[in-house]
Every structure is written in structure tokens, then in C-alpha cells.
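Dumped upload34.txt below, it's compact mmCIF, C-alpha atoms:
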# COMPACT_ATOMS: atom_id res chain seq x y z
CA MET W 1 -24.40 -0.53 -1.35
CA ASN W 2 -24.84 2.13 1.28
CA ARG W 3 -28.33 3.62 1.01
CA GLY W 4 -27.23 7.23 1.46
CA THR W 5 -26.24 7.76 -2.17
CA ASP W 6 -29.46 9.41 -3.43
CA GLY W 7 -30.05 7.17 -6.43
CA GLU W 8 -27.98 6.55 -9.53
CA PRO W 9 -26.19 9.96 -9.78
CA GLY W 10 -25.15 9.77 -6.13
CA ARG W 11 -24.02 6.16 -6.54
CA MET W 12 -21.86 7.05 -9.56
CA LEU W 13 -20.36 10.04 -7.74
CA LEU W 14 -19.55 7.77 -4.79
CA ILE W 15 -17.77 5.26 -7.04
CA VAL W 16 -15.85 7.93 -8.99
CA GLY W 17 -14.75 9.61 -5.77
CA PHE W 18 -13.73 6.24 -4.32
CA VAL W 19 -11.65 5.39 -7.40
CA LEU W 20 -9.92 8.79 -7.44
CA ALA W 21 -9.17 8.55 -3.73
CA ALA W 22 -7.60 5.12 -4.31
CA LEU W 23 -5.45 6.50 -7.12
CA ASN W 24 -3.94 8.92 -4.57
CA LEU W 25 -2.63 6.23 -2.24
CA ARG W 26 0.84 5.94 -3.84
CA PRO W 27 1.83 8.74 -6.32
CA ALA W 28 3.26 10.97 -3.57
CA LEU W 29 5.44 8.05 -2.44
CA ALA W 30 6.30 6.39 -5.75
CA GLY W 31 7.01 9.71 -7.46
CA VAL W 32 10.04 10.51 -5.29
CA SER W 33 12.42 7.84 -6.58
CA PRO W 34 12.47 8.96 -10.26
CA LEU W 35 13.20 12.54 -9.14
CA LEU W 36 15.73 11.70 -6.46
CA SER W 37 18.88 12.55 -8.42
CA ASP W 38 17.43 15.97 -9.37
CA ILE W 39 16.37 16.65 -5.78
CA MET W 40 19.78 15.66 -4.39
CA GLY W 41 21.64 17.70 -6.98
CA ASP W 42 19.52 20.82 -6.43
CA LEU W 43 19.65 20.72 -2.63
CA GLY W 44 23.15 19.27 -2.22
CA LEU W 45 21.98 16.13 -0.44
CA ASN W 46 24.04 12.97 -0.03
CA ALA W 47 22.56 9.52 -0.66
CA ALA W 48 21.48 9.01 2.94
CA ALA W 49 19.70 12.37 3.09
CA GLY W 50 18.03 11.71 -0.24
CA GLY W 51 16.83 8.27 0.83
CA ALA W 52 15.48 9.78 4.04
CA ILE W 53 12.72 11.53 2.06
CA THR W 54 11.07 8.20 1.32
CA THR W 55 12.02 6.75 4.71
CA VAL W 56 10.21 9.59 6.50
CA MET W 57 7.05 8.82 4.55
CA VAL W 58 7.17 5.04 5.08
CA VAL W 59 7.81 5.47 8.81
CA CYS W 60 4.78 7.77 9.00
CA LEU W 61 2.70 5.11 7.24
CA GLY W 62 3.49 2.77 10.10
CA LEU W 63 3.59 4.97 13.17
CA LEU W 64 0.63 7.23 12.36
CA ALA W 65 -1.87 4.67 11.09
CA PRO W 66 -3.74 4.77 14.47
CA LEU W 67 -4.79 8.34 13.69
CA ALA W 68 -7.44 7.03 11.30
CA PRO W 69 -9.63 5.20 13.86
CA ALA W 70 -9.47 8.22 16.18
CA LEU W 71 -10.58 10.55 13.40
CA ALA W 72 -13.24 8.19 12.08
CA GLY W 73 -14.72 7.79 15.55
CA ARG W 74 -15.19 11.56 15.79
CA ILE W 75 -16.14 12.66 12.28
CA GLY W 76 -17.00 9.47 10.38
CA LEU W 77 -15.13 7.52 7.72
CA ASP W 78 -16.12 9.65 4.73
CA ARG W 79 -14.90 12.85 6.35
CA THR W 80 -11.74 11.10 7.53
CA LEU W 81 -10.93 10.19 3.92
CA LEU W 82 -11.55 13.80 2.87
CA VAL W 83 -9.21 15.05 5.62
CA GLY W 84 -6.58 12.62 4.35
CA LEU W 85 -6.88 13.92 0.78
CA LEU W 86 -6.59 17.55 1.92
CA ILE W 87 -3.54 16.84 4.11
CA LEU W 88 -2.00 14.92 1.21
CA ALA W 89 -2.42 17.88 -1.17
CA ALA W 90 -0.92 20.23 1.44
CA GLY W 91 1.99 17.91 2.20
CA VAL W 92 2.91 17.38 -1.46
CA ALA W 93 2.76 21.14 -2.08
CA VAL W 94 4.92 21.95 0.97
CA ARG W 95 7.42 19.24 0.03
CA SER W 96 8.01 21.01 -3.30
CA VAL W 97 8.80 24.40 -1.72
CA ASP W 98 12.43 25.49 -1.34
CA GLY W 99 14.28 24.42 1.82
CA LEU W 100 15.06 21.24 3.73
CA VAL W 101 12.47 21.92 6.44
CA ALA W 102 9.76 22.12 3.80
CA LEU W 103 11.11 19.02 2.01
CA TYR W 104 11.07 16.74 5.05
CA GLY W 105 8.11 18.40 6.76
CA GLY W 106 6.03 18.06 3.59
CA ALA W 107 7.13 14.44 3.25
CA ALA W 108 5.97 13.78 6.83
CA LEU W 109 2.61 15.46 6.12
CA ALA W 110 2.14 13.41 2.95
CA GLY W 111 3.08 10.22 4.80
CA THR W 112 0.57 11.07 7.54
CA ALA W 113 -2.17 11.56 4.95
CA ILE W 114 -1.42 8.27 3.21
CA ALA W 115 -1.39 6.49 6.58
CA ILE W 116 -4.89 7.80 7.31
CA MET W 117 -6.19 6.91 3.86
CA ASN W 118 -4.56 3.44 3.86
CA VAL W 119 -6.44 2.55 7.03
CA ALA W 120 -9.72 4.15 5.98
CA MET W 121 -10.07 2.48 2.59
CA PRO W 122 -10.88 -1.10 3.72
CA ALA W 123 -13.49 0.33 6.10
CA ILE W 124 -14.92 2.52 3.32
CA VAL W 125 -15.38 -0.68 1.30
CA LYS W 126 -17.08 -2.39 4.25
CA GLN W 127 -19.36 0.61 4.86
CA HIS W 128 -20.45 1.45 1.33
CA PHE W 129 -20.17 -1.92 -0.44
CA PRO W 130 -20.82 -4.53 2.27
CA SER W 131 -22.18 -7.15 -0.14
CA ARG W 132 -19.35 -6.63 -2.67
CA VAL W 133 -16.24 -6.44 -0.51
CA GLY W 134 -14.18 -8.58 -2.91
CA PRO W 135 -14.86 -6.65 -6.14
CA TYR W 136 -14.40 -3.22 -4.57
CA THR W 137 -11.24 -4.32 -2.80
CA ALA W 138 -10.02 -5.35 -6.25
CA VAL W 139 -10.90 -1.90 -7.59
CA TYR W 140 -9.09 0.10 -4.95
CA VAL W 141 -5.99 -2.10 -4.70
CA SER W 142 -5.67 -2.03 -8.50
CA CYS W 143 -5.96 1.76 -8.40
CA LEU W 144 -3.27 1.81 -5.69
CA VAL W 145 -0.87 -0.13 -7.91
CA ALA W 146 -1.82 1.81 -11.05
CA GLY W 147 -1.31 5.12 -9.26
CA ALA W 148 2.20 4.08 -8.25
CA ALA W 149 3.05 2.91 -11.76
CA GLY W 150 1.61 6.05 -13.35
CA ALA W 151 3.52 8.37 -11.04
CA SER W 152 6.78 6.53 -11.71
CA ALA W 153 6.21 6.89 -15.46
CA VAL W 154 5.32 10.59 -15.68
CA MET W 155 7.64 12.21 -13.14
CA VAL W 156 10.79 12.31 -15.29
CA PRO W 157 9.07 13.77 -18.41
CA LEU W 158 7.35 16.37 -16.22
CA ALA W 159 10.64 17.26 -14.53
CA ARG W 160 12.37 17.69 -17.89
CA GLU W 161 9.65 20.08 -19.02
CA PHE W 162 8.88 22.00 -15.84
CA GLY W 163 11.53 21.12 -13.24
CA TRP W 164 11.46 18.65 -10.37
CA ARG W 165 9.50 20.88 -8.01
CA ALA W 166 6.57 21.22 -10.40
CA ALA W 167 6.72 17.50 -11.19
CA ALA W 168 6.68 16.56 -7.50
CA ALA W 169 3.86 19.02 -6.81
CA SER W 170 1.72 17.54 -9.59
CA ALA W 171 0.55 14.80 -7.24
CA ALA W 172 -1.30 17.49 -5.28
CA VAL W 173 -3.54 18.17 -8.30
CA LEU W 174 -4.86 14.61 -8.28
CA ALA W 175 -5.50 14.83 -4.53
CA ILE W 176 -7.43 18.09 -4.93
CA VAL W 177 -9.58 16.67 -7.73
CA ALA W 178 -10.36 13.62 -5.62
CA ALA W 179 -11.18 15.82 -2.61
CA VAL W 180 -13.58 17.93 -4.66
CA LEU W 181 -15.44 14.87 -5.94
CA TRP W 182 -15.47 13.19 -2.51
CA THR W 183 -16.74 16.30 -0.70
CA PRO W 184 -20.47 15.68 -1.44
CA GLN W 185 -20.14 12.24 0.14
CA ALA W 186 -18.17 13.58 3.09
CA LEU W 187 -20.70 16.32 3.82
CA ARG W 188 -23.48 13.83 4.33
CA ARG W 189 -24.35 12.99 7.88
CA PRO W 190 -21.92 10.39 9.26
CA PRO W 191 -23.61 6.99 9.02
CA ALA W 192 -25.19 5.80 12.24
CA THR W 193 -23.81 2.32 11.63
CA TYR W 194 -20.20 3.45 12.13
CA GLY W 195 -19.02 2.56 15.60
CA LYS W 196 -22.14 0.57 16.44
CA GLY W 197 -21.45 -1.33 19.62
CA GLY W 198 -19.05 1.30 20.95
CA ARG W 199 -15.36 1.87 20.48
CA ARG W 200 -13.00 -0.92 19.59
CA PRO W 201 -10.33 -0.74 22.31
CA TYR W 202 -6.92 -1.86 21.15
CA ARG W 203 -6.46 -3.98 24.27
CA THR W 204 -9.41 -6.13 23.25
CA LEU W 205 -8.35 -6.20 19.62
CA LEU W 206 -4.81 -7.26 20.47
CA GLY W 207 -6.19 -10.00 22.72
CA SER W 208 -7.34 -11.93 19.66
CA ARG W 209 -5.01 -14.40 17.97
CA MET W 210 -6.65 -13.58 14.64
CA THR W 211 -5.54 -9.96 14.98
CA TRP W 212 -1.93 -11.06 15.41
CA PHE W 213 -2.19 -13.43 12.44
CA VAL W 214 -3.52 -10.62 10.25
CA MET W 215 -0.83 -8.22 11.52
CA ALA W 216 1.93 -10.73 10.80
CA PHE W 217 0.62 -11.49 7.31
CA MET W 218 0.28 -7.81 6.45
CA GLY W 219 3.74 -7.05 7.81
CA LEU W 220 5.54 -9.91 6.11
CA GLN W 221 4.01 -9.38 2.69
CA SER W 222 4.94 -5.67 2.99
CA LEU W 223 8.48 -6.68 3.97
CA THR W 224 8.96 -9.05 1.03
CA PHE W 225 7.50 -6.45 -1.36
CA TYR W 226 9.59 -3.46 -0.27
CA ILE W 227 12.80 -5.51 -0.26
CA MET W 228 12.38 -6.23 -3.95
CA LEU W 229 11.16 -2.71 -4.73
CA ALA W 230 14.33 -1.27 -3.21
CA TRP W 231 16.94 -3.74 -4.47
CA LEU W 232 15.79 -5.49 -7.65
CA PRO W 233 17.44 -3.11 -10.13
CA THR W 234 20.74 -3.35 -8.25
CA ILE W 235 20.56 -7.15 -8.14
CA PHE W 236 19.96 -7.31 -11.89
CA GLN W 237 22.77 -4.87 -12.64
CA ASP W 238 25.17 -6.91 -10.52
CA ALA W 239 24.10 -9.95 -12.55
CA GLY W 240 25.25 -8.18 -15.71
CA LEU W 241 22.06 -6.59 -17.03
CA PRO W 242 22.18 -2.96 -18.22
CA ALA W 243 20.66 -0.30 -15.96
CA ASP W 244 17.81 0.57 -18.32
CA GLN W 245 16.78 -3.09 -18.64
CA ALA W 246 16.88 -3.47 -14.86
CA GLY W 247 14.51 -0.51 -14.57
CA TYR W 248 12.16 -1.94 -17.19
CA LEU W 249 12.06 -5.25 -15.34
CA LEU W 250 11.01 -3.49 -12.15
CA GLY W 251 8.26 -1.77 -14.12
CA LEU W 252 7.17 -5.13 -15.53
CA THR W 253 6.70 -6.64 -12.08
CA ASN W 254 4.61 -3.62 -11.06
CA LEU W 255 2.38 -4.07 -14.13
CA ALA W 256 1.99 -7.77 -13.40
CA GLN W 257 0.64 -6.87 -9.96
CA ILE W 258 -2.37 -5.16 -11.54
CA ALA W 259 -3.53 -8.42 -13.14
CA ALA W 260 -3.57 -10.06 -9.71
CA THR W 261 -5.16 -7.17 -7.83
CA LEU W 262 -8.01 -7.00 -10.35
CA THR W 263 -8.90 -10.68 -10.15
CA VAL W 264 -7.83 -12.31 -6.89
CA PRO W 265 -10.03 -10.32 -4.44
CA VAL W 266 -13.12 -10.90 -6.59
CA HIS W 267 -12.67 -14.67 -6.42
CA ALA W 268 -11.27 -14.85 -2.90
CA GLY W 269 -13.91 -12.50 -1.48
CA GLY W 270 -16.68 -14.96 -2.29
CA ALA W 271 -14.85 -17.98 -0.88
CA PRO W 272 -15.42 -19.26 2.67
CA SER W 273 -11.65 -19.46 3.19
CA GLN W 274 -8.83 -17.46 1.64
CA VAL W 275 -6.19 -20.08 2.49
CA PRO W 276 -5.94 -21.54 -1.06
CA HIS W 277 -5.43 -18.05 -2.48
CA VAL W 278 -2.80 -17.24 0.16
CA VAL W 279 -0.93 -20.44 -0.69
CA GLY W 280 -0.99 -19.66 -4.41
CA ALA W 281 0.17 -16.07 -3.88
CA ALA W 282 3.01 -17.12 -1.57
CA ALA W 283 4.08 -19.91 -3.93
CA LEU W 284 4.38 -17.45 -6.82
CA THR W 285 6.30 -14.96 -4.65
CA ILE W 286 8.68 -17.70 -3.54
CA ALA W 287 9.16 -18.81 -7.15
CA GLY W 288 9.98 -15.23 -8.16
CA TYR W 289 12.52 -14.87 -5.35
CA ALA W 290 14.05 -18.24 -6.26
CA GLY W 291 14.36 -17.25 -9.91
CA VAL W 292 16.16 -14.04 -8.97
CA LEU W 293 18.46 -16.01 -6.64
CA LEU W 294 19.33 -18.89 -8.98
CA ALA W 295 19.21 -17.37 -12.48
CA PRO W 296 18.75 -13.58 -12.40
CA ALA W 297 20.06 -13.07 -15.94
CA THR W 298 18.15 -16.04 -17.42
CA LEU W 299 14.56 -15.26 -18.41
CA PRO W 300 14.40 -12.34 -15.95
CA TRP W 301 11.11 -11.18 -17.50
CA LEU W 302 9.52 -14.48 -16.47
CA TRP W 303 10.67 -14.13 -12.85
CA MET W 304 9.28 -10.59 -12.78
CA ILE W 305 5.87 -11.63 -14.06
CA ILE W 306 5.70 -14.49 -11.54
CA LEU W 307 6.89 -12.26 -8.71
CA GLY W 308 4.51 -9.45 -9.66
CA VAL W 309 1.46 -11.69 -9.75
CA GLY W 310 2.43 -13.22 -6.41
CA GLN W 311 3.06 -9.88 -4.71
CA GLY W 312 -0.03 -8.24 -6.19
CA ALA W 313 -2.17 -11.12 -4.99
CA SER W 314 -0.55 -10.96 -1.55
CA ILE W 315 -1.28 -7.27 -0.87
CA ALA W 316 -4.81 -7.66 -2.25
CA LEU W 317 -5.44 -10.65 0.02
CA ALA W 318 -4.01 -8.88 3.07
CA LEU W 319 -6.36 -5.92 2.60
CA LEU W 320 -9.30 -8.16 1.72
CA ILE W 321 -8.80 -10.28 4.85
CA ILE W 322 -8.81 -7.12 6.99
CA ALA W 323 -12.21 -6.18 5.56
CA LEU W 324 -13.63 -9.71 5.81
CA ARG W 325 -12.48 -10.63 9.31
CA ALA W 326 -13.97 -7.61 11.10
CA PRO W 327 -17.78 -7.41 11.51
CA ASP W 328 -18.40 -3.67 10.90
CA PRO W 329 -16.67 -0.53 9.61
CA ALA W 330 -15.42 0.54 13.06
CA SER W 331 -13.81 -2.85 13.65
CA VAL W 332 -12.34 -2.82 10.14
CA THR W 333 -10.78 0.60 10.80
CA ALA W 334 -9.21 -0.56 14.05
CA LEU W 335 -7.93 -3.85 12.59
CA SER W 336 -6.65 -2.01 9.52
CA ALA W 337 -4.77 0.45 11.76
CA VAL W 338 -2.93 -2.16 13.80
CA ALA W 339 -2.21 -4.37 10.78
CA GLN W 340 -0.92 -1.59 8.55
CA SER W 341 1.02 0.04 11.37
CA SER W 342 3.01 -3.14 11.94
CA GLY W 343 3.27 -3.75 8.21
CA TYR W 344 4.89 -0.46 7.32
CA VAL W 345 7.24 -0.48 10.29
CA LEU W 346 8.53 -3.82 9.02
CA ALA W 347 8.59 -2.47 5.46
CA ALA W 348 10.75 0.46 6.57
CA VAL W 349 13.45 -1.75 8.12
CA GLY W 350 13.33 -4.59 5.56
CA PRO W 351 15.39 -2.99 2.76
CA LEU W 352 17.93 -1.75 5.33
CA LEU W 353 18.45 -5.24 6.78
CA PHE W 354 18.58 -6.74 3.27
CA GLY W 355 21.30 -4.27 2.31
CA LEU W 356 23.21 -4.99 5.52
CA LEU W 357 23.21 -8.72 4.76
CA HIS W 358 24.56 -7.96 1.30
CA GLN W 359 27.29 -5.78 2.78
CA LEU W 360 28.29 -8.47 5.27
CA SER W 361 28.23 -11.39 2.81
CA GLY W 362 29.52 -9.65 -0.31
CA ASP W 363 26.87 -11.04 -2.65
CA TRP W 364 23.09 -11.47 -2.94
CA THR W 365 22.78 -15.13 -1.93
CA LEU W 366 22.38 -14.64 1.82
CA PRO W 367 19.97 -11.68 1.52
CA LEU W 368 17.76 -13.54 -0.97
CA LEU W 369 17.77 -16.66 1.22
CA ALA W 370 16.65 -14.46 4.11
CA GLY W 371 13.94 -13.06 1.82
CA LEU W 372 12.80 -16.59 1.03
CA GLY W 373 12.62 -17.26 4.77
CA ALA W 374 10.37 -14.21 5.14
CA CYS W 375 8.20 -15.54 2.28
CA ALA W 376 7.83 -18.85 4.15
CA LEU W 377 6.68 -16.98 7.27
CA GLN W 378 4.30 -14.96 5.08
CA LEU W 379 2.80 -18.24 3.88
CA LEU W 380 2.42 -19.55 7.43
CA PHE W 381 0.70 -16.49 8.87
CA GLY W 382 -1.31 -15.94 5.71
CA CYS W 383 -2.80 -19.41 6.10
CA LEU W 384 -3.67 -18.68 9.73
CA ALA W 385 -5.22 -15.32 8.82
CA GLY W 386 -7.02 -16.74 5.80
CA ARG W 387 -9.11 -19.17 7.81
CA PRO W 388 -12.80 -18.15 8.18
CA ALA W 389 -12.53 -17.03 11.80
CA PRO W 390 -14.01 -13.71 13.00
CA ALA W 391 -11.90 -10.91 14.40
CA PRO W 392 -12.97 -9.55 17.80
CA ALA W 393 -15.88 -7.15 17.81
CA GLY W 394 -14.56 -5.30 20.85
For the file at hand, write its structure as C-alpha cells.
Amino acid sequence: MNRGTDGEPGRMLLIVGFVLAALNLRPALAGVSPLLSDIMGDLGLNAAAGGAITTVMVVCLGLLAPLAPALAGRIGLDRTLLVGLLILAAGVAVRSVDGLVALYGGAALAGTAIAIMNVAMPAIVKQHFPSRVGPYTAVYVSCLVAGAAGASAVMVPLAREFGWRAAAASAAVLAIVAAVLWTPQALRRPPATYGKGGRRPYRTLLGSRMTWFVMAFMGLQSLTFYIMLAWLPTIFQDAGLPADQAGYLLGLTNLAQIAATLTVPVHAGGAPSQVPHVVGAAALTIAGYAGVLLAPATLPWLWMIILGVGQGASIALALLIIALRAPDPASVTALSAVAQSSGYVLAAVGPLLFGLLHQLSGDWTLPLLAGLGACALQLLFGCLAGRPAPAPAG
């Protein structure tokens, strides 16, 4: 535990602020899909323009991740996280104002904030909980998944009661609460340990094979996750399942992820190698994909539980490996930036390519086989990244 917490009250405030910050990593993103039909109807958007709201945010997650190391090097990690929360609140609020410029501009602001926070969180774990990286990675990744699930569940009831703009803006309230509780931590003097040994130049970082292994693993597990997030309900409906059941099945796989994110980092974080955990996570993901390919209407709930556990374990392991492979918070921030940047760029194009394969082939066999190929590559690079080899210190 970082020693700058002023005893038990300060330690508890640190943990509560950390948890609330983690809960903000996905609601602004996951809350768009349930409201999309209302947004499109109100603003007269076609399907492509409606989908672009989420696309703008995901692209920002990839392209703007390098902002976090630059900010952290100037103002420290804690203040960087606070800046992210404040930008997130502003972006969500602007996105809910009338007009297309506000809609897409606010989405870009929110995506920028999440990009900064995504990169900062593994380094926050390394800085404040260096002896408990596994357990606190489990905490924040579980909060990430729970925040997404919670936002997906409450947006439609809120929209029915108050309208879609108020529902979409509600995510700003959570960000403001988190910012208020994180402010005491952020106003402390930036820790002297951050950036020890100088800056971590990207040229040096990218000269390490381990960096590329981590980048590939992060990118491929993001790709295989976002493919299913985008297309699972459609696949199930084409297999003959009703639309509401297809939606429930997607919710089930998201819930199953929480079980994995709570447990896998705790166990894997104390192991000398994460390779066995990577193999298990990839095997479950492959089994889930195979079940959807071969028998989507037979025991679909089983495939969703298997897939959810595999995908939850995979994202938790990717973020854990980032924190474990780098020697200090500055190195973690830099490695997190390059890994998550590549990951979300791949995630942004994955569903598009998957849909294109479906359009060209006329069914889901070829796209799902391509997804299984991506899972195999995820396994390969996950094994390479999971070996106990240090990332470059710069």
C-alpha cells in the first residue's frame, strides 16, 4: 500500500475512490446501445450515423491512449485519473445536449476520458497496491464489467421515465461523485516514485519483444470480445431464438465475466507464470465460439457462461500482465498506453470485418471460423506474454 494515505481513513478513502473510478470505465460506452433507437428517432439518424456514436468513442480509446503517459509525467497518476473523470463528466453532459455537433463531440470527449482512465488504472494499482497487484486488478476489472452491465440495465427504464437525454446524462453523475471522492488523493503531492529513472521513450519500449507480445494479446482478446458483443444477438436471432432471449443471453455472458474477473487475477497475480491461466481462458473462449458456431440454439445458456468466463478471464489477464511485466508505475503507464491503443484500434475494426464476412458468405460459418482463428492467435500471444519475462525499463 502506498504510504501517503494518512492512516486508516485515508486508506479507505483511497479504496472507495479507486472503486468508484473503476465503475466509470464503461457506463458512458455501454449505455449508448440501449438508447440507440430513441437517439436515432429523435435526431433522424440512419443506422450508420447511429452506430458512429459508439465507433467515435472506441476509436478514441485506441488513438488517444498515449495522452495518459504524457499527462501522468507532468501532473502524476492520481491527478491524471481526476482529469479523466472530469473530462468524462463533461463529455457525457455535452453528448446529451441537443444537436449533432454536441452528440459526436461529447462522444469524442467521453472516449478521450475513458482512454486516459483505461491506461492510468493498471499504473494506479502498481503505485498504490504494489504488493497486491492481483487482488486489486480483480477489483477494478470486476468494477469495469459491473459498470457496463449496470448501465445497460438501467438506461431503458430511465429513458422511459425521464427521456433519453436525461438517461444518457446520468453517467455524468457517477463520474462527478467519483471525482469528488478522488480529489483528496489527487491533491496530494505527486509521488516521487512516479517516473523514477526518467521517461519511458516509446522507441525503447517498442524495441522489446515482450511489449509486442503484450500488445498482440491485448488487441486480440479485445477483438474477440467486441465481435461477440456486437453480433451475438443477431447470430442467435438468425438461429431461430426470439429477440428478447437473444438479449438475455448477451446479458448472461456479461454476468459470467464478473465471476472470472473477481477470481482469476487474484490467483494468477501470485503465480510466477500466467501461461496456464492464459491457456485456460483461451480454451473457454474457443469453446464458447465453437458452441455458437455448431449449435447456437442448443443449450445457448451454456455457451454463454463458458464464453463469458473465458472472455472475463482474458481481459483480466491482459490488464494484470501489463501491471506485472513493467517494473514501476511510469513503465506500466507507457506499456498500458501502447497495449490498449493497439487493442482498441483492433476492437473498432473487428465487428466491421466480421459483418463483412457474413455479408460475403451469406451465413455465420465463415465469420465464426475467422473468430476462432483470432482466438488461436490470442492463445499464442497470450502464452508469450504470460511468461515471467520483464518488460523494458526504458
Nearest to Gln185 in chain W, restricted to only C-alpha atoms and choosing among W:Ala268, W:Val309, W:Leu81, W:Ala168, comes out as W:Leu81
Quick one: of W:Gln237, W:Thr333, W:Thr80, W:Thr253, who's nearest to Leu187 in chain W, counting all atoms listed in the file?
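Once distances to Leu187 in chain W are computed over all atoms listed in the file, the minimum belongs to W:Thr80.
Every protein or nucleic acid residue with an atom no more than 12 Å from Asp98 in chain W, counting only C-alpha atoms and leaving out same-chain residues fewer than 2 positions away, appears here: Ile39, Asp42, Leu43, Ala93, Val94, Arg95, Ser96, Leu100, Val101, Ala102, Leu103, Tyr104, Gly105, Gly106, Trp164, Arg165 and Ala166 of chain W.
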Dump as a PDB file, in the coordinates of the input, selection limited to C-alpha atoms:
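As a result, selection.pdb now contains:
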ATOM      1  CA  ILE W  39      16.370  16.650  -5.780  1.00  0.00           C
ATOM      2  CA  ASP W  42      19.520  20.820  -6.430  1.00  0.00           C
ATOM      3  CA  LEU W  43      19.650  20.720  -2.630  1.00  0.00           C
ATOM      4  CA  ALA W  93       2.760  21.140  -2.080  1.00  0.00           C
ATOM      5  CA  VAL W  94       4.920  21.950   0.970  1.00  0.00           C
ATOM      6  CA  ARG W  95       7.420  19.240   0.030  1.00  0.00           C
ATOM      7  CA  SER W  96       8.010  21.010  -3.300  1.00  0.00           C
ATOM      8  CA  LEU W 100      15.060  21.240   3.730  1.00  0.00           C
ATOM      9  CA  VAL W 101      12.470  21.920   6.440  1.00  0.00           C
ATOM     10  CA  ALA W 102       9.760  22.120   3.800  1.00  0.00           C
ATOM     11  CA  LEU W 103      11.110  19.020   2.010  1.00  0.00           C
ATOM     12  CA  TYR W 104      11.070  16.740   5.050  1.00  0.00           C
ATOM     13  CA  GLY W 105       8.110  18.400   6.760  1.00  0.00           C
ATOM     14  CA  GLY W 106       6.030  18.060   3.590  1.00  0.00           C
ATOM     15  CA  TRP W 164      11.460  18.650 -10.370  1.00  0.00           C
ATOM     16  CA  ARG W 165       9.500  20.880  -8.010  1.00  0.00           C
ATOM     17  CA  ALA W 166       6.570  21.220 -10.400  1.00  0.00           C
TER      18      ALA W 166
END
Shortest contact to Val58 in chain W, candidates W:Val214, W:Ala348, W:Leu252, W:Ala120, atoms counted only C-alpha atoms, goes to W:Ala348
Got a sec to check which residues sit within 10 Å of (-0.7, -18.5, -5.9), counting all atoms listed in the file, and write them as a list in words?
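The residues that fall inside the cut-off are Ala260, Val264, Pro276, His277, Val278, Val279, Gly280, Ala281, Ala282, Ala283, Leu284, Thr285, Ile286, Ala287, Ile306, Val309, Gly310, Gln311, Ala313 and Ser314 of chain W.
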Output the selection as a PDB file, in the coordinates of the input - C-alpha atoms for each residue.
ATOM      1  CA  ALA W 260      -3.570 -10.060  -9.710  1.00  0.00           C
ATOM      2  CA  VAL W 264      -7.830 -12.310  -6.890  1.00  0.00           C
ATOM      3  CA  PRO W 276      -5.940 -21.540  -1.060  1.00  0.00           C
ATOM      4  CA  HIS W 277      -5.430 -18.050  -2.480  1.00  0.00           C
ATOM      5  CA  VAL W 278      -2.800 -17.240   0.160  1.00  0.00           C
ATOM      6  CA  VAL W 279      -0.930 -20.440  -0.690  1.00  0.00           C
ATOM      7  CA  GLY W 280      -0.990 -19.660  -4.410  1.00  0.00           C
ATOM      8  CA  ALA W 281       0.170 -16.070  -3.880  1.00  0.00           C
ATOM      9  CA  ALA W 282       3.010 -17.120  -1.570  1.00  0.00           C
ATOM     10  CA  ALA W 283       4.080 -19.910  -3.930  1.00  0.00           C
ATOM     11  CA  LEU W 284       4.380 -17.450  -6.820  1.00  0.00           C
ATOM     12  CA  THR W 285       6.300 -14.960  -4.650  1.00  0.00           C
ATOM     13  CA  ILE W 286       8.680 -17.700  -3.540  1.00  0.00           C
ATOM     14  CA  ALA W 287       9.160 -18.810  -7.150  1.00  0.00           C
ATOM     15  CA  ILE W 306       5.700 -14.490 -11.540  1.00  0.00           C
ATOM     16  CA  VAL W 309       1.460 -11.690  -9.750  1.00  0.00           C
ATOM     17  CA  GLY W 310       2.430 -13.220  -6.410  1.00  0.00           C
ATOM     18  CA  GLN W 311       3.060  -9.880  -4.710  1.00  0.00           C
ATOM     19  CA  ALA W 313      -2.170 -11.120  -4.990  1.00  0.00           C
ATOM     20  CA  SER W 314      -0.550 -10.960  -1.550  1.00  0.00           C
TER      21      SER W 314
END
Can you pull out the residues contacting Ala290 in chain W? Cut-off 9 Å, using all atoms listed in the file, and skip same-chain residues under 3 positions away; I want them as an NGL selection string. :W and (285-287 or 293-295 or 303 or 368-369 or 372)
CA of Thr365 in chain W sits from CA of Leu317 in chain W at a separation of 28.6 Å
Q: Extract, using only C-alpha atoms, all DNA, RNA and protein residues at most 10 Å from His267 in chain W, discarding same-chain residues fewer than 2 positions from it, and format them as a list in words.
A: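 Listed by chain and then number, they are Gly134, Pro135, Ala138, Leu262, Thr263, Val264, Pro265, Gly269, Gly270, Ala271, Gln274 and His277 of chain W.
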Which residues of range 280-388 of chain W have any atom within 12 Å of an atom in range 46-56 of chain W when counting all atoms listed in the file, and what is the closest pair of atoms for each, with the distance in Å to one decimal? Order the rows by chain and rising number and write it as CSV.
residue,atom,partner,partner_atom,distance
W:Tyr344,CA,W:Thr55,CA,10.5
W:Val345,CA,W:Thr55,CA,10.3
W:Leu346,CA,W:Thr55,CA,11.9
W:Ala347,CA,W:Thr55,CA,9.9
W:Ala348,CA,W:Thr55,CA,6.7
W:Val349,CA,W:Thr55,CA,9.3
W:Gly350,CA,W:Thr55,CA,11.4
W:Pro351,CA,W:Thr55,CA,10.5
W:Leu352,CA,W:Thr55,CA,10.4
Gly312 in chain W: which residues within 9 Å, counting only C-alpha atoms, same-chain residues fewer than 6 positions away excluded, as a CSV table (one decimal) with C-alpha atoms, keeping the file's coordinate frame?
chain,number,residue,atom,x,y,z
W,141,VAL,CA,-6.0,-2.1,-4.7
W,142,SER,CA,-5.7,-2.0,-8.5
W,145,VAL,CA,-0.9,-0.1,-7.9
W,254,ASN,CA,4.6,-3.6,-11.1
W,256,ALA,CA,2.0,-7.8,-13.4
W,257,GLN,CA,0.6,-6.9,-10.0
W,258,ILE,CA,-2.4,-5.2,-11.5
W,259,ALA,CA,-3.5,-8.4,-13.1
W,260,ALA,CA,-3.6,-10.1,-9.7
W,261,THR,CA,-5.2,-7.2,-7.8
W,264,VAL,CA,-7.8,-12.3,-6.9
W,281,ALA,CA,0.2,-16.1,-3.9
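Between Leu35 in chain W and the candidates W:Pro367, W:Pro157, W:Gly362, W:Gly386, the tightest atom-to-atom separation, counting all atoms listed in the file, involves W:Pro157.
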- Considering all atoms listed in the file, state which residue in the set W:Met155, W:Ala239, W:Ala30, W:Leu356 is at the smallest distance from Ala297 in chain W.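 Among the listed residues, the smallest separation from Ala297 in chain W belongs to W:Ala239.
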Separating CA of His358 in chain W from CA of Phe217 in chain W, to the nearest tenth of an Å, is a gap of 24.9 Å
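Going from CA of Ala159 in chain W to CA of Pro34 in chain W covers 9.5 Å.
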Using all atoms listed in the file, the shortest atom-to-atom distance to Val119 in chain W among W:Leu45, W:Ala179, W:Val92, W:Ala68 belongs to W:Ala68
